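Peer 1: Below: one structure in structure tokens.
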Amino acid sequence: MDDLDRDLLSALRHNARTSVSSLAAATGASRATVTARIERLVDNGTITAFTIRTGHEARSAGVRAIVMIEVLGKMADKVADQLRGLPQVRALHSTNGKWDFIAELEDRDLASFDETLRRIRLINGINTTESNILLKTSKMGF
């Protein structure tokens, strides 16, 4: 996975209906390259679905969690790049204190969530993680 793949995932995560032409313009790649990259991301299982959100009901489905992440040495940029490439990572926050990052995750079920955590823990440069599953949200937005 390279920067183009991560850029495409980020754009599609924000709006799964973004056209190939718009993705090409935003990334500076040709439409043919964007199409081929998206097909490859689907074929290798990085993209498993294109979907919509309908509001709070859609966000309450599946497993949502926060994962606090401690990074070794000066690996923060490389770790962040890897985390941003995971489709289950909905947001990534850098922080101060004990944890270098807090990742907001959303996954379809506990088994998938467990696999996502395993993948995160295998990222080179991650020292420690702590996970908290979100049980109920009483307020969305600001």
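By convention in this document, the chains of the structure tokens carry letters A, B, ... by their order, each chain's residues are numbered from 1, and ligands are numbered from 1 in the order they are shown.
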Identify, on the basis of only C-alpha atoms, every residue whose closest approach to Gln88 of chain A does not exceed 12 Å; exclude the query and any residue fewer than 5 positions from it along the same chain; express the result as a PyMOL selection string.

Peer 2: chain A and resi 9-10+13+46-49+62-67+82-83+103-109+112-117+119-120

Peer 1: Would you list, as a PyMOL selection string, the residues of chain A that end up in helix (DSSP H, G or I) under DSSP run on this structure's backbone?

Peer 2: chain A and resi 3-14+20-27+31-43+56-59+76-84+110-121

Peer 1: Given the choices A:Ala76, A:Leu4, A:Val71, A:Pro87, which gets closest to Ala16 of chain A if the distance is worked out from only C-alpha atoms?

Peer 2: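 Among the listed residues, the smallest separation from Ala16 of chain A belongs to A:Pro87.
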
Peer 1: Identify, on the basis of only C-alpha atoms, every residue whose closest approach to His14 of chain A does not exceed 12 Å; exclude the query and any residue fewer than 4 positions from it along the same chain; express the result as number ranges by chain.

Peer 2: A: 7-10, 18, 23, 50-53, 87, 89-91

Peer 1: Could you write out the selected residues, including N, CA, C and O atoms, as a PDB file, in the first residue's frame?

Peer 2:
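File produced: again-v8.pdb:
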```pdb
ATOM      1  N   ASP A   7      -4.591   7.610  -0.012  1.00  0.00           N
ATOM      2  CA  ASP A   7      -5.401   8.773  -0.401  1.00  0.00           C
ATOM      3  C   ASP A   7      -6.764   8.339  -0.942  1.00  0.00           C
ATOM      4  O   ASP A   7      -7.795   8.951  -0.636  1.00  0.00           O
ATOM      5  N   LEU A   8      -6.768   7.294  -1.746  1.00  0.00           N
ATOM      6  CA  LEU A   8      -8.033   6.790  -2.292  1.00  0.00           C
ATOM      7  C   LEU A   8      -8.934   6.256  -1.182  1.00  0.00           C
ATOM      8  O   LEU A   8     -10.137   6.556  -1.144  1.00  0.00           O
ATOM      9  N   LEU A   9      -8.360   5.487  -0.254  1.00  0.00           N
ATOM     10  CA  LEU A   9      -9.145   4.970   0.861  1.00  0.00           C
ATOM     11  C   LEU A   9      -9.724   6.099   1.702  1.00  0.00           C
ATOM     12  O   LEU A   9     -10.888   6.059   2.103  1.00  0.00           O
ATOM     13  N   SER A  10      -8.924   7.092   1.949  1.00  0.00           N
ATOM     14  CA  SER A  10      -9.393   8.230   2.744  1.00  0.00           C
ATOM     15  C   SER A  10     -10.558   8.938   2.060  1.00  0.00           C
ATOM     16  O   SER A  10     -11.573   9.242   2.689  1.00  0.00           O
ATOM     17  N   THR A  18     -17.785   9.055  -4.386  1.00  0.00           N
ATOM     18  CA  THR A  18     -16.895   9.931  -5.131  1.00  0.00           C
ATOM     19  C   THR A  18     -16.568   9.297  -6.483  1.00  0.00           C
ATOM     20  O   THR A  18     -16.205   8.127  -6.560  1.00  0.00           O
ATOM     21  N   LEU A  23     -11.745  11.495  -7.991  1.00  0.00           N
ATOM     22  CA  LEU A  23     -10.605  10.882  -7.296  1.00  0.00           C
ATOM     23  C   LEU A  23      -9.307  11.121  -8.061  1.00  0.00           C
ATOM     24  O   LEU A  23      -8.269  11.414  -7.474  1.00  0.00           O
ATOM     25  N   PHE A  50     -18.657  -0.837  -0.362  1.00  0.00           N
ATOM     26  CA  PHE A  50     -18.924   0.583  -0.528  1.00  0.00           C
ATOM     27  C   PHE A  50     -20.289   0.785   0.108  1.00  0.00           C
ATOM     28  O   PHE A  50     -21.234   0.073  -0.213  1.00  0.00           O
ATOM     29  N   THR A  51     -20.405   1.733   1.014  1.00  0.00           N
ATOM     30  CA  THR A  51     -21.635   1.828   1.787  1.00  0.00           C
ATOM     31  C   THR A  51     -22.028   3.271   2.047  1.00  0.00           C
ATOM     32  O   THR A  51     -21.301   4.190   1.676  1.00  0.00           O
ATOM     33  N   ILE A  52     -23.158   3.445   2.677  1.00  0.00           N
ATOM     34  CA  ILE A  52     -23.636   4.765   3.089  1.00  0.00           C
ATOM     35  C   ILE A  52     -23.919   4.734   4.582  1.00  0.00           C
ATOM     36  O   ILE A  52     -24.065   3.672   5.179  1.00  0.00           O
ATOM     37  N   ARG A  53     -24.023   5.907   5.180  1.00  0.00           N
ATOM     38  CA  ARG A  53     -24.451   6.036   6.572  1.00  0.00           C
ATOM     39  C   ARG A  53     -25.741   6.831   6.565  1.00  0.00           C
ATOM     40  O   ARG A  53     -25.841   7.837   5.877  1.00  0.00           O
ATOM     41  N   PRO A  87      -9.234   0.527   6.631  1.00  0.00           N
ATOM     42  CA  PRO A  87     -10.593   1.056   6.452  1.00  0.00           C
ATOM     43  C   PRO A  87     -11.396   1.094   7.747  1.00  0.00           C
ATOM     44  O   PRO A  87     -12.336   1.873   7.861  1.00  0.00           O
ATOM     45  N   VAL A  89     -10.364   2.190  10.574  1.00  0.00           N
ATOM     46  CA  VAL A  89      -9.987   3.372  11.345  1.00  0.00           C
ATOM     47  C   VAL A  89     -10.778   4.553  10.798  1.00  0.00           C
ATOM     48  O   VAL A  89     -10.537   5.035   9.703  1.00  0.00           O
ATOM     49  N   ARG A  90     -11.754   5.012  11.570  1.00  0.00           N
ATOM     50  CA  ARG A  90     -12.623   6.113  11.155  1.00  0.00           C
ATOM     51  C   ARG A  90     -11.999   7.465  11.427  1.00  0.00           C
ATOM     52  O   ARG A  90     -12.280   8.438  10.747  1.00  0.00           O
ATOM     53  N   ALA A  91     -11.167   7.536  12.461  1.00  0.00           N
ATOM     54  CA  ALA A  91     -10.461   8.780  12.790  1.00  0.00           C
ATOM     55  C   ALA A  91      -9.192   8.413  13.540  1.00  0.00           C
ATOM     56  O   ALA A  91      -9.142   7.397  14.233  1.00  0.00           O
TER      57      ALA A  91
END
```

Peer 1: If you count only C-alpha atoms, which residues fall within 7 Å of segment 34-43 of chain A, apart from same-chain ones fewer than 4 positions away, as a count of residues only?

Peer 2: 7

Peer 1: At what distance in Å, to one decimal, does atom CA of Ile126 of chain A lie from atom CA of Thr95 of chain A?

Peer 2: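 It comes out at 14.9 Å.
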
Peer 1: Using the chain letters and numbers from this document, which residues of segment 39-138 of chain A does DSSP assign to strand (DSSP E), as a PyMOL selection string?

Peer 2: chain A and resi 63-71+89-94+101-107+126-134

Peer 1: Of the candidates A:Arg6, A:Leu110, A:Leu135, A:Ala80, which shows the shortest atom-to-atom distance to His93 of chain A, using only C-alpha atoms?

Peer 2: A:Ala80
